[in-house]
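Printed here is target16.cif (mmCIF, C-alpha atoms):
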data_run
loop_
_atom_site.group_PDB
_atom_site.id
_atom_site.type_symbol
_atom_site.label_atom_id
_atom_site.label_comp_id
_atom_site.auth_asym_id
_atom_site.auth_seq_id
_atom_site.Cartn_x
_atom_site.Cartn_y
_atom_site.Cartn_z
ATOM 1 C CA MET A 1 8.443 56.529 34.507
ATOM 2 C CA ASN A 2 5.309 56.524 32.385
ATOM 3 C CA ILE A 3 2.519 55.701 34.822
ATOM 4 C CA LEU A 4 -1.197 55.110 34.286
ATOM 5 C CA ILE A 5 -3.435 55.763 37.296
ATOM 6 C CA THR A 6 -7.089 54.826 36.984
ATOM 7 C CA GLY A 7 -9.644 56.653 39.120
ATOM 8 C CA ALA A 8 -7.243 59.487 39.969
ATOM 9 C CA ALA A 9 -10.075 62.041 39.930
ATOM 10 C CA GLY A 10 -11.433 60.308 43.016
ATOM 11 C CA PHE A 11 -10.372 60.386 46.652
ATOM 12 C CA VAL A 12 -7.736 57.655 46.964
ATOM 13 C CA GLY A 13 -6.521 57.998 43.389
ATOM 14 C CA SER A 14 -6.005 61.761 43.615
ATOM 15 C CA ASN A 15 -3.864 61.348 46.722
ATOM 16 C CA ILE A 16 -1.735 58.728 44.969
ATOM 17 C CA LEU A 17 -1.435 61.107 42.025
ATOM 18 C CA LYS A 18 -0.179 63.902 44.294
ATOM 19 C CA GLU A 19 2.468 61.572 45.718
ATOM 20 C CA LEU A 20 3.699 60.589 42.256
ATOM 21 C CA ASN A 21 3.374 63.938 40.478
ATOM 22 C CA ASN A 22 6.868 65.116 41.388
ATOM 23 C CA GLY A 23 8.106 66.202 37.987
ATOM 24 C CA LEU A 24 10.013 62.958 37.469
ATOM 25 C CA ASN A 25 7.082 60.898 36.175
ATOM 26 C CA LYS A 26 4.820 61.221 33.157
ATOM 27 C CA ILE A 27 1.323 60.449 34.397
ATOM 28 C CA THR A 28 -1.847 59.574 32.501
ATOM 29 C CA VAL A 29 -5.251 59.268 34.153
ATOM 30 C CA PHE A 30 -8.192 57.135 33.030
ATOM 31 C CA ASP A 31 -11.412 58.178 34.800
ATOM 32 C CA ASN A 32 -15.105 58.291 33.861
ATOM 33 C CA LEU A 33 -15.773 61.033 36.458
ATOM 34 C CA LYS A 34 -18.729 59.076 37.849
ATOM 35 C CA THR A 35 -17.540 59.702 41.406
ATOM 36 C CA GLY A 36 -14.446 61.823 40.725
ATOM 37 C CA TYR A 37 -13.908 65.501 39.993
ATOM 38 C CA MET A 38 -11.773 67.335 37.468
ATOM 39 C CA ASN A 39 -10.594 69.758 40.152
ATOM 40 C CA ASN A 40 -8.730 66.817 41.737
ATOM 41 C CA LEU A 41 -6.468 66.685 38.677
ATOM 42 C CA PRO A 42 -3.552 69.034 37.968
ATOM 43 C CA LYS A 43 -3.716 70.798 34.603
ATOM 44 C CA ASP A 44 -0.463 69.221 33.396
ATOM 45 C CA ILE A 45 -1.839 65.673 33.690
ATOM 46 C CA ASN A 46 -2.798 63.721 30.558
ATOM 47 C CA PHE A 47 -6.470 63.006 31.306
ATOM 48 C CA ILE A 48 -8.555 60.497 29.328
ATOM 49 C CA ASP A 49 -12.304 60.507 30.019
ATOM 50 C CA ILE A 50 -13.098 56.804 29.708
ATOM 51 C CA ASP A 51 -14.673 53.976 31.693
ATOM 52 C CA CYS A 52 -12.046 51.384 32.564
ATOM 53 C CA SER A 53 -14.373 48.551 31.555
ATOM 54 C CA ASP A 54 -14.625 49.971 28.023
ATOM 55 C CA GLU A 55 -12.899 47.612 25.593
ATOM 56 C CA LYS A 56 -11.988 50.618 23.437
ATOM 57 C CA ILE A 57 -9.017 50.933 25.781
ATOM 58 C CA LEU A 58 -7.515 47.959 23.941
ATOM 59 C CA GLU A 59 -7.361 50.059 20.767
ATOM 60 C CA ARG A 60 -4.991 52.547 22.401
ATOM 61 C CA ASP A 61 -1.241 52.364 21.822
ATOM 62 C CA ASP A 62 0.163 54.180 24.869
ATOM 63 C CA LEU A 63 3.336 52.914 26.523
ATOM 64 C CA PHE A 64 3.323 52.600 30.315
ATOM 65 C CA ASP A 65 5.888 51.236 32.750
ATOM 66 C CA CYS A 66 3.292 50.766 35.486
ATOM 67 C CA ILE A 67 -0.499 50.651 35.804
ATOM 68 C CA ILE A 68 -2.047 51.565 39.166
ATOM 69 C CA HIS A 69 -5.673 50.450 39.118
ATOM 70 C CA VAL A 70 -7.658 52.383 41.714
ATOM 71 C CA ALA A 71 -10.906 52.988 39.810
ATOM 72 C CA GLY A 72 -13.992 51.038 40.784
ATOM 73 C CA GLN A 73 -17.356 51.037 42.480
ATOM 74 C CA ALA A 74 -16.275 51.370 46.104
ATOM 75 C CA SER A 75 -19.506 50.965 48.041
ATOM 76 C CA LYS A 76 -20.761 47.699 49.545
ATOM 77 C CA GLU A 77 -24.247 49.172 49.631
ATOM 78 C CA GLY A 78 -23.846 50.438 46.078
ATOM 79 C CA SER A 79 -22.983 46.972 44.790
ATOM 80 C CA PHE A 80 -26.496 45.803 45.720
ATOM 81 C CA LYS A 81 -28.141 48.783 44.038
ATOM 82 C CA ASP A 82 -26.550 48.142 40.633
ATOM 83 C CA VAL A 83 -25.038 44.671 40.358
ATOM 84 C CA PHE A 84 -24.080 44.995 36.692
ATOM 85 C CA TYR A 85 -22.273 48.287 37.153
ATOM 86 C CA ASP A 86 -20.351 46.749 40.049
ATOM 87 C CA LEU A 87 -19.416 43.782 37.856
ATOM 88 C CA ASN A 88 -18.041 46.082 35.167
ATOM 89 C CA ALA A 89 -16.374 48.542 37.534
ATOM 90 C CA ASN A 90 -14.704 45.994 39.803
ATOM 91 C CA ALA A 91 -14.058 42.904 37.662
ATOM 92 C CA LYS A 92 -14.293 43.622 33.950
ATOM 93 C CA SER A 93 -12.241 46.817 34.321
ATOM 94 C CA THR A 94 -9.331 44.827 35.760
ATOM 95 C CA LEU A 95 -9.538 42.266 32.973
ATOM 96 C CA VAL A 96 -9.593 44.987 30.312
ATOM 97 C CA LEU A 97 -6.590 46.737 31.862
ATOM 98 C CA LEU A 98 -4.637 43.489 32.182
ATOM 99 C CA GLU A 99 -5.264 42.728 28.523
ATOM 100 C CA TYR A 100 -4.154 46.267 27.775
ATOM 101 C CA ALA A 101 -0.980 45.751 29.840
ATOM 102 C CA ARG A 102 -0.288 42.542 27.926
ATOM 103 C CA LYS A 103 -0.786 44.325 24.594
ATOM 104 C CA ILE A 104 1.560 47.221 25.381
ATOM 105 C CA ASN A 105 4.050 45.012 27.256
ATOM 106 C CA CYS A 106 3.590 46.765 30.609
ATOM 107 C CA LYS A 107 5.072 44.466 33.241
ATOM 108 C CA ARG A 108 3.995 46.203 36.479
ATOM 109 C CA PHE A 109 0.404 46.292 37.771
ATOM 110 C CA ILE A 110 -0.700 47.553 41.203
ATOM 111 C CA PHE A 111 -4.271 46.815 42.242
ATOM 112 C CA ILE A 112 -6.369 48.310 45.035
ATOM 113 C CA SER A 113 -8.530 45.509 46.394
ATOM 114 C CA THR A 114 -10.562 45.570 49.602
ATOM 115 C CA VAL A 115 -10.844 44.239 53.136
ATOM 116 C CA CYS A 116 -14.377 43.205 52.163
ATOM 117 C CA VAL A 117 -13.042 39.985 50.612
ATOM 118 C CA TYR A 118 -12.780 38.689 54.189
ATOM 119 C CA GLY A 119 -16.449 39.297 54.870
ATOM 120 C CA GLY A 120 -17.132 41.291 57.991
ATOM 121 C CA THR A 121 -20.911 40.945 57.932
ATOM 122 C CA SER A 122 -20.753 37.253 58.809
ATOM 123 C CA ASN A 123 -17.061 36.996 59.622
ATOM 124 C CA PRO A 124 -15.905 39.956 61.744
ATOM 125 C CA GLY A 125 -12.462 40.033 63.304
ATOM 126 C CA ILE A 126 -8.744 40.506 62.732
ATOM 127 C CA TYR A 127 -7.614 39.376 59.306
ATOM 128 C CA THR A 128 -4.295 38.177 57.988
ATOM 129 C CA GLU A 129 -3.674 37.823 54.279
ATOM 130 C CA ASN A 130 -4.378 34.098 54.716
ATOM 131 C CA SER A 131 -7.754 34.540 56.414
ATOM 132 C CA GLU A 132 -10.745 32.801 54.892
ATOM 133 C CA ILE A 133 -12.340 34.580 51.934
ATOM 134 C CA THR A 134 -16.042 35.235 52.573
ATOM 135 C CA TYR A 135 -18.449 36.670 50.021
ATOM 136 C CA ASP A 136 -20.946 39.002 51.718
ATOM 137 C CA THR A 137 -21.432 41.445 48.850
ATOM 138 C CA PHE A 138 -21.239 41.661 45.071
ATOM 139 C CA TYR A 139 -18.447 44.170 45.661
ATOM 140 C CA SER A 140 -16.265 41.583 47.439
ATOM 141 C CA ILE A 141 -16.930 38.911 44.797
ATOM 142 C CA ASN A 142 -15.830 41.193 41.973
ATOM 143 C CA LYS A 143 -12.739 42.494 43.779
ATOM 144 C CA TYR A 144 -11.610 38.957 44.617
ATOM 145 C CA THR A 145 -12.204 37.916 41.012
ATOM 146 C CA SER A 146 -9.810 40.682 39.979
ATOM 147 C CA GLU A 147 -7.188 39.305 42.348
ATOM 148 C CA LYS A 148 -7.429 35.939 40.603
ATOM 149 C CA TYR A 149 -7.081 37.593 37.193
ATOM 150 C CA LEU A 150 -3.815 39.151 38.362
ATOM 151 C CA ALA A 151 -2.410 35.777 39.413
ATOM 152 C CA LEU A 152 -3.247 34.310 36.001
ATOM 153 C CA TYR A 153 -1.624 37.177 34.116
ATOM 154 C CA LYS A 154 1.519 36.767 36.198
ATOM 155 C CA LYS A 155 1.588 33.030 35.490
ATOM 156 C CA HIS A 156 1.017 33.277 31.752
ATOM 157 C CA TYR A 157 2.310 36.736 30.771
ATOM 158 C CA GLU A 158 4.870 37.651 33.475
ATOM 159 C CA ILE A 159 3.059 40.810 34.594
ATOM 160 C CA ASP A 160 4.300 41.544 38.116
ATOM 161 C CA TYR A 161 1.484 42.571 40.425
ATOM 162 C CA THR A 162 0.945 43.847 43.941
ATOM 163 C CA ILE A 163 -2.487 43.581 45.552
ATOM 164 C CA PHE A 164 -3.389 45.887 48.436
ATOM 165 C CA ARG A 165 -6.497 44.939 50.399
ATOM 166 C CA LEU A 166 -7.463 48.400 51.548
ATOM 167 C CA PHE A 167 -9.160 48.870 54.915
ATOM 168 C CA THR A 168 -11.274 51.926 55.798
ATOM 169 C CA CYS A 169 -9.475 54.838 54.168
ATOM 170 C CA TYR A 170 -10.128 58.458 55.152
ATOM 171 C CA GLY A 171 -8.556 61.883 54.923
ATOM 172 C CA PRO A 172 -8.498 65.253 53.141
ATOM 173 C CA GLY A 173 -10.163 65.273 49.750
ATOM 174 C CA GLN A 174 -12.818 62.715 50.632
ATOM 175 C CA ASP A 175 -16.199 63.483 49.058
ATOM 176 C CA LEU A 176 -18.468 64.788 51.826
ATOM 177 C CA THR A 177 -21.484 64.821 49.494
ATOM 178 C CA ASN A 178 -21.524 61.043 48.973
ATOM 179 C CA MET A 179 -23.559 59.605 51.829
ATOM 180 C CA SER A 180 -23.280 55.950 50.755
ATOM 181 C CA LYS A 181 -19.519 55.405 51.096
ATOM 182 C CA GLY A 182 -16.743 56.543 53.395
ATOM 183 C CA MET A 183 -17.689 56.130 57.043
ATOM 184 C CA VAL A 184 -15.527 59.017 58.290
ATOM 185 C CA SER A 185 -16.658 61.357 55.521
ATOM 186 C CA ILE A 186 -20.339 60.495 56.080
ATOM 187 C CA TYR A 187 -20.096 61.352 59.772
ATOM 188 C CA LEU A 188 -17.934 64.435 59.254
ATOM 189 C CA SER A 189 -20.338 65.754 56.629
ATOM 190 C CA GLN A 190 -23.123 65.594 59.208
ATOM 191 C CA PHE A 191 -21.006 67.228 61.907
ATOM 192 C CA LEU A 192 -20.235 70.115 59.561
ATOM 193 C CA ASN A 193 -23.802 70.742 58.341
ATOM 194 C CA ASP A 194 -26.496 72.804 60.087
ATOM 195 C CA GLU A 195 -28.637 69.870 61.247
ATOM 196 C CA PRO A 196 -28.807 69.187 65.009
ATOM 197 C CA ASN A 197 -28.443 65.390 64.725
ATOM 198 C CA ILE A 198 -25.880 62.838 63.536
ATOM 199 C CA ILE A 199 -27.498 59.724 62.063
ATOM 200 C CA ILE A 200 -25.553 56.510 62.679
ATOM 201 C CA LYS A 201 -26.804 53.430 60.804
ATOM 202 C CA GLY A 202 -25.889 50.470 62.998
ATOM 203 C CA GLY A 203 -24.543 50.009 66.514
ATOM 204 C CA LEU A 204 -21.781 52.029 68.126
ATOM 205 C CA ASP A 205 -19.890 48.857 69.010
ATOM 206 C CA ARG A 206 -19.102 48.159 65.353
ATOM 207 C CA TYR A 207 -15.428 48.731 64.582
ATOM 208 C CA ARG A 208 -13.005 49.473 61.781
ATOM 209 C CA ASP A 209 -9.329 49.791 60.958
ATOM 210 C CA PHE A 210 -9.035 53.396 59.767
ATOM 211 C CA ILE A 211 -6.041 54.142 57.551
ATOM 212 C CA TYR A 212 -5.023 57.665 56.596
ATOM 213 C CA VAL A 213 -4.985 58.287 52.859
ATOM 214 C CA LYS A 214 -1.524 59.881 52.845
ATOM 215 C CA ASP A 215 -0.122 56.662 54.332
ATOM 216 C CA VAL A 216 -1.782 54.726 51.521
ATOM 217 C CA ALA A 217 -0.324 57.048 48.882
ATOM 218 C CA PHE A 218 3.195 56.701 50.302
ATOM 219 C CA ILE A 219 3.084 52.900 50.260
ATOM 220 C CA ILE A 220 1.584 52.728 46.765
ATOM 221 C CA LYS A 221 4.365 54.984 45.464
ATOM 222 C CA ASP A 222 7.050 52.874 47.108
ATOM 223 C CA SER A 223 5.537 49.643 45.831
ATOM 224 C CA ILE A 224 6.194 50.539 42.193
ATOM 225 C CA ASP A 225 9.896 49.649 42.481
ATOM 226 C CA ASN A 226 10.112 47.806 45.799
ATOM 227 C CA LYS A 227 10.788 44.192 44.848
ATOM 228 C CA LEU A 228 9.799 43.022 48.325
ATOM 229 C CA LEU A 229 6.196 43.801 47.401
ATOM 230 C CA PHE A 230 6.152 42.152 43.977
ATOM 231 C CA ASN A 231 3.595 39.380 43.358
ATOM 232 C CA GLU A 232 2.231 39.542 46.890
ATOM 233 C CA ILE A 233 -1.007 40.415 48.640
ATOM 234 C CA PHE A 234 -0.903 42.896 51.535
ATOM 235 C CA ASN A 235 -3.423 44.124 54.066
ATOM 236 C CA LEU A 236 -3.253 47.902 53.812
ATOM 237 C CA GLY A 237 -4.533 48.993 57.190
ATOM 238 C CA SER A 238 -3.156 50.648 60.320
ATOM 239 C CA GLY A 239 -3.534 47.539 62.467
ATOM 240 C CA GLU A 240 -5.519 49.500 65.071
ATOM 241 C CA LYS A 241 -9.111 48.751 66.132
ATOM 242 C CA THR A 242 -11.410 51.764 66.540
ATOM 243 C CA THR A 243 -15.079 51.411 67.446
ATOM 244 C CA ILE A 244 -17.677 53.759 65.996
ATOM 245 C CA GLN A 245 -18.197 55.186 69.470
ATOM 246 C CA GLU A 246 -14.465 55.909 69.791
ATOM 247 C CA LEU A 247 -14.393 57.489 66.329
ATOM 248 C CA LEU A 248 -17.315 59.795 67.140
ATOM 249 C CA HIS A 249 -15.653 60.793 70.416
ATOM 250 C CA ILE A 250 -12.443 61.729 68.553
ATOM 251 C CA MET A 251 -14.373 63.741 65.974
ATOM 252 C CA ILE A 252 -16.392 65.580 68.638
ATOM 253 C CA GLU A 253 -13.240 66.327 70.635
ATOM 254 C CA GLU A 254 -11.058 67.435 67.720
ATOM 255 C CA GLY A 255 -13.809 69.419 65.992
ATOM 256 C CA GLU A 256 -15.451 70.762 69.152
ATOM 257 C CA PHE A 257 -18.829 69.628 67.786
ATOM 258 C CA LYS A 258 -22.046 69.569 69.802
ATOM 259 C CA LYS A 259 -24.757 67.425 68.240
ATOM 260 C CA ASN A 260 -27.169 64.630 69.114
ATOM 261 C CA ILE A 261 -26.280 61.064 68.075
ATOM 262 C CA ILE A 262 -29.248 59.133 66.612
ATOM 263 C CA ILE A 263 -28.890 55.362 66.055
ATOM 264 C CA GLU A 264 -30.822 53.740 63.196
ATOM 265 C CA GLU A 265 -30.968 50.227 61.714
ATOM 266 C CA GLU A 266 -27.856 49.004 59.892
ATOM 267 C CA ILE A 267 -27.696 49.020 56.094
ATOM 268 C CA ILE A 268 -27.527 45.881 53.959
ATOM 269 C CA GLY A 269 -23.992 44.616 53.400
ATOM 270 C CA ASP A 270 -22.434 46.646 56.214
ATOM 271 C CA MET A 271 -19.558 45.077 58.122
ATOM 272 C CA ILE A 272 -19.697 44.388 61.855
ATOM 273 C CA GLY A 273 -15.987 44.894 62.214
ATOM 274 C CA CYS A 274 -12.570 44.431 60.661
ATOM 275 C CA VAL A 275 -8.969 45.034 61.675
ATOM 276 C CA ALA A 276 -5.837 44.404 59.637
ATOM 277 C CA ASP A 277 -3.102 42.147 60.836
ATOM 278 C CA ASN A 278 -0.540 44.146 58.852
ATOM 279 C CA THR A 279 2.527 42.308 60.166
ATOM 280 C CA LYS A 280 3.548 41.359 56.631
ATOM 281 C CA LEU A 281 3.643 45.007 55.546
ATOM 282 C CA LYS A 282 5.141 46.296 58.800
ATOM 283 C CA ASN A 283 8.065 43.880 58.511
ATOM 284 C CA ILE A 284 8.982 45.530 55.216
ATOM 285 C CA TYR A 285 8.658 49.110 56.501
ATOM 286 C CA LYS A 286 10.109 48.544 59.955
ATOM 287 C CA ASN A 287 12.116 51.627 61.095
ATOM 288 C CA ILE A 288 11.132 53.402 57.848
ATOM 289 C CA PHE A 289 7.476 54.311 58.196
ATOM 290 C CA GLU A 290 4.802 54.630 60.892
ATOM 291 C CA PHE A 291 1.056 54.742 60.308
ATOM 292 C CA THR A 292 -0.777 57.953 61.230
ATOM 293 C CA SER A 293 -2.927 57.649 64.364
ATOM 294 C CA VAL A 294 -6.684 58.080 63.974
ATOM 295 C CA LYS A 295 -6.600 61.104 66.264
ATOM 296 C CA ASP A 296 -3.923 62.868 64.217
ATOM 297 C CA GLY A 297 -5.563 61.947 60.933
ATOM 298 C CA ILE A 298 -9.018 63.139 62.005
ATOM 299 C CA ARG A 299 -7.535 66.411 63.247
ATOM 300 C CA GLU A 300 -5.857 67.042 59.880
ATOM 301 C CA MET A 301 -9.048 66.138 58.025
ATOM 302 C CA ILE A 302 -11.228 68.477 60.126
ATOM 303 C CA ASP A 303 -8.724 71.315 59.696
ATOM 304 C CA TYR A 304 -8.771 70.719 55.927
ATOM 305 C CA TYR A 305 -12.565 71.081 55.668
ATOM 306 C CA LYS A 306 -12.847 73.952 58.134
ATOM 307 C CA LYS A 307 -10.486 76.173 56.092
#

Output the file's structure as structure tokens, nothing else.
Amino acid sequence: MNILITGAAGFVGSNILKELNNGLNKITVFDNLKTGYMNNLPKDINFIDIDCSDEKILERDDLFDCIIHVAGQASKEGSFKDVFYDLNANAKSTLVLLEYARKINCKRFIFISTVCVYGGTSNPGIYTENSEITYDTFYSINKYTSEKYLALYKKHYEIDYTIFRLFTCYGPGQDLTNMSKGMVSIYLSQFLNDEPNIIIKGGLDRYRDFIYVKDVAFIIKDSIDNKLLFNEIFNLGSGEKTTIQELLHIMIEEGEFKKNIIIEEEIIGDMIGCVADNTKLKNIYKNIFEFTSVKDGIREMIDYYKK
């Protein structure tokens, strides 16, 4: 297949790329390298340095069988710092790529959305795909807008979509230098540095559904051809609740770290807690696939960075 992956120089996108780069597919990457790195991309990949909100994309004449749209501004906090960049990165980019798909007659579009469409700041809890949509951040507004674009392009132009509302993703390859996104990577970065303290912004009773990035990559790959996932929305989470206190305990135990934990005030837009009801996805992958436990995933991630 000819596949376009946006944002493949970043954390989630590069793991999806590794899963798909098996010699059977021709892969092109669109990335502006704002948060991604060239060393995440194999040398044999067709790389285009471009922002996905740039309408110049519509002038291109590539032919793709599938577009996997991962690129975007992925920080709730970051969406408050630059509202216009978030608008372009998380809404306009999807619209541009859908118009591009329509132009080149690409009929398959996979979109990475977010758990944040459910809220979490004012609406914590366990979410099904039918849970109430709550706008806490500019990030969630723009991601949900993209979801609505996809439904319209299916209705009017027969572009088959799959939307994955991604929960808190972590794993090898996560950027430990970015201290504004990636809860696991932010904490691990502090555990691995020479400072005596770990700074936690917000209470230890907050909780997340942590999903291992290799699990995400496997499901995204399968979704390209799996008709059971066409034109549906799925929670992409492990279905397991882990508090921040439990996460820190796992990291300390698996990494044999000894540091002081310092609690500070929470940041604007942060979620109290969220867990995926992933029954819809599990019913499809029953007896085929099991999600990686947080303990196993954290162990693999620590080993990766301690090499």

Practice problem: On this file, the PyMOL selection byres ((chain A and resi 117) around 6) gives some set of residues; write that set as number ranges by chain. | Solution: A: 115-116, 118-119, 133-134, 140

Quiz item: atom CA of A:Lys286 and atom CA of A:Phe218, how far apart in Å?
Solution: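 So the answer is 14.4 Å.
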
Residues within 10 Å of (-2.8, 58.5, 38.0), counting all atoms listed in the file, listed as a PDB file with C-alpha atoms, in the frame of the given file:
ATOM      1  CA  ILE A   3       2.519  55.701  34.822  1.00  0.00           C
ATOM      2  CA  LEU A   4      -1.197  55.110  34.286  1.00  0.00           C
ATOM      3  CA  ILE A   5      -3.435  55.763  37.296  1.00  0.00           C
ATOM      4  CA  THR A   6      -7.089  54.826  36.984  1.00  0.00           C
ATOM      5  CA  GLY A   7      -9.644  56.653  39.120  1.00  0.00           C
ATOM      6  CA  ALA A   8      -7.243  59.487  39.969  1.00  0.00           C
ATOM      7  CA  ALA A   9     -10.075  62.041  39.930  1.00  0.00           C
ATOM      8  CA  GLY A  13      -6.521  57.998  43.389  1.00  0.00           C
ATOM      9  CA  SER A  14      -6.005  61.761  43.615  1.00  0.00           C
ATOM     10  CA  ASN A  15      -3.864  61.348  46.722  1.00  0.00           C
ATOM     11  CA  ILE A  16      -1.735  58.728  44.969  1.00  0.00           C
ATOM     12  CA  LEU A  17      -1.435  61.107  42.025  1.00  0.00           C
ATOM     13  CA  LYS A  18      -0.179  63.902  44.294  1.00  0.00           C
ATOM     14  CA  GLU A  19       2.468  61.572  45.718  1.00  0.00           C
ATOM     15  CA  LEU A  20       3.699  60.589  42.256  1.00  0.00           C
ATOM     16  CA  ASN A  21       3.374  63.938  40.478  1.00  0.00           C
ATOM     17  CA  LYS A  26       4.820  61.221  33.157  1.00  0.00           C
ATOM     18  CA  ILE A  27       1.323  60.449  34.397  1.00  0.00           C
ATOM     19  CA  THR A  28      -1.847  59.574  32.501  1.00  0.00           C
ATOM     20  CA  VAL A  29      -5.251  59.268  34.153  1.00  0.00           C
ATOM     21  CA  PHE A  30      -8.192  57.135  33.030  1.00  0.00           C
ATOM     22  CA  ASP A  31     -11.412  58.178  34.800  1.00  0.00           C
ATOM     23  CA  LEU A  41      -6.468  66.685  38.677  1.00  0.00           C
ATOM     24  CA  ILE A  45      -1.839  65.673  33.690  1.00  0.00           C
ATOM     25  CA  ASN A  46      -2.798  63.721  30.558  1.00  0.00           C
ATOM     26  CA  PHE A  47      -6.470  63.006  31.306  1.00  0.00           C
ATOM     27  CA  ILE A  67      -0.499  50.651  35.804  1.00  0.00           C
ATOM     28  CA  ILE A  68      -2.047  51.565  39.166  1.00  0.00           C
ATOM     29  CA  HIS A  69      -5.673  50.450  39.118  1.00  0.00           C
ATOM     30  CA  VAL A  70      -7.658  52.383  41.714  1.00  0.00           C
ATOM     31  CA  ALA A  71     -10.906  52.988  39.810  1.00  0.00           C
TER      32      ALA A  71
END

Practice problem: Tell me, as JSON, numbers by chain, which residues lie within 7 Å of stretch 295-306 of chain A, counting all atoms listed in the file; anything in the same chain fewer than 2 positions away does not count. | Solution: {"A": [171, 172, 212, 250, 251, 254, 255, 292, 293]}

Self-check item: Residues selected by the PyMOL selection byres ((chain A and resi 230) around 10), written as number ranges by chain
Solution: A: 108-110, 159-163, 223-229, 231-233

Quiz item: Hey, which of A:Tyr100, A:Tyr207, A:Tyr127, A:Tyr187 ends up closest to A:Leu236? Count all atoms listed in the file.
Solution: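 Distance minimum relative to A:Leu236 lands on A:Tyr127.
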
Exercise. Could you jot down the atom CA of A:Asp82 to atom CA of A:Leu176 separation for me, Å, one decimal place?
Key: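 The value is 21.6 Å.
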
Quiz item: Just how far from atom CA of A:Gly202 is atom CA of A:Ile186, in Å to one decimal?
Solution: 13.4 Å

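Minimum distance to A:Thr279 across A:Thr128, A:Gln174, A:Thr137, A:Asn142 (counting only C-alpha atoms) occurs at A:Thr128.
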
Quiz item: Could you spell out the hits of the PyMOL selection byres ((chain A and resi 91) around 12) on the shown file, as an NGL selection string?
Solution: :A and (52-54 or 69 or 71-73 or 83-90 or 92-98 or 111-113 or 138-150)

Could you please take those selected residues and save C-alpha atoms as a PDB file, in the frame of the given file?
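And here's result.pdb as it stands now:
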ATOM      1  CA  CYS A  52     -12.046  51.384  32.564  1.00  0.00           C
ATOM      2  CA  SER A  53     -14.373  48.551  31.555  1.00  0.00           C
ATOM      3  CA  ASP A  54     -14.625  49.971  28.023  1.00  0.00           C
ATOM      4  CA  HIS A  69      -5.673  50.450  39.118  1.00  0.00           C
ATOM      5  CA  ALA A  71     -10.906  52.988  39.810  1.00  0.00           C
ATOM      6  CA  GLY A  72     -13.992  51.038  40.784  1.00  0.00           C
ATOM      7  CA  GLN A  73     -17.356  51.037  42.480  1.00  0.00           C
ATOM      8  CA  VAL A  83     -25.038  44.671  40.358  1.00  0.00           C
ATOM      9  CA  PHE A  84     -24.080  44.995  36.692  1.00  0.00           C
ATOM     10  CA  TYR A  85     -22.273  48.287  37.153  1.00  0.00           C
ATOM     11  CA  ASP A  86     -20.351  46.749  40.049  1.00  0.00           C
ATOM     12  CA  LEU A  87     -19.416  43.782  37.856  1.00  0.00           C
ATOM     13  CA  ASN A  88     -18.041  46.082  35.167  1.00  0.00           C
ATOM     14  CA  ALA A  89     -16.374  48.542  37.534  1.00  0.00           C
ATOM     15  CA  ASN A  90     -14.704  45.994  39.803  1.00  0.00           C
ATOM     16  CA  LYS A  92     -14.293  43.622  33.950  1.00  0.00           C
ATOM     17  CA  SER A  93     -12.241  46.817  34.321  1.00  0.00           C
ATOM     18  CA  THR A  94      -9.331  44.827  35.760  1.00  0.00           C
ATOM     19  CA  LEU A  95      -9.538  42.266  32.973  1.00  0.00           C
ATOM     20  CA  VAL A  96      -9.593  44.987  30.312  1.00  0.00           C
ATOM     21  CA  LEU A  97      -6.590  46.737  31.862  1.00  0.00           C
ATOM     22  CA  LEU A  98      -4.637  43.489  32.182  1.00  0.00           C
ATOM     23  CA  PHE A 111      -4.271  46.815  42.242  1.00  0.00           C
ATOM     24  CA  ILE A 112      -6.369  48.310  45.035  1.00  0.00           C
ATOM     25  CA  SER A 113      -8.530  45.509  46.394  1.00  0.00           C
ATOM     26  CA  PHE A 138     -21.239  41.661  45.071  1.00  0.00           C
ATOM     27  CA  TYR A 139     -18.447  44.170  45.661  1.00  0.00           C
ATOM     28  CA  SER A 140     -16.265  41.583  47.439  1.00  0.00           C
ATOM     29  CA  ILE A 141     -16.930  38.911  44.797  1.00  0.00           C
ATOM     30  CA  ASN A 142     -15.830  41.193  41.973  1.00  0.00           C
ATOM     31  CA  LYS A 143     -12.739  42.494  43.779  1.00  0.00           C
ATOM     32  CA  TYR A 144     -11.610  38.957  44.617  1.00  0.00           C
ATOM     33  CA  THR A 145     -12.204  37.916  41.012  1.00  0.00           C
ATOM     34  CA  SER A 146      -9.810  40.682  39.979  1.00  0.00           C
ATOM     35  CA  GLU A 147      -7.188  39.305  42.348  1.00  0.00           C
ATOM     36  CA  LYS A 148      -7.429  35.939  40.603  1.00  0.00           C
ATOM     37  CA  TYR A 149      -7.081  37.593  37.193  1.00  0.00           C
ATOM     38  CA  LEU A 150      -3.815  39.151  38.362  1.00  0.00           C
TER      39      LEU A 150
END

Exercise. Choose the residue, out of A:Ala101, A:Val184, A:Thr177, A:Phe164, that has the smallest atom-to-atom separation from A:Gly36; count only C-alpha atoms.
Key: A:Thr177

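Proximity to A:Asp209 was assessed for A:Asp222, A:Cys274, A:Leu248, A:Phe234 counting only C-alpha atoms; the smallest distance is recorded for A:Cys274.
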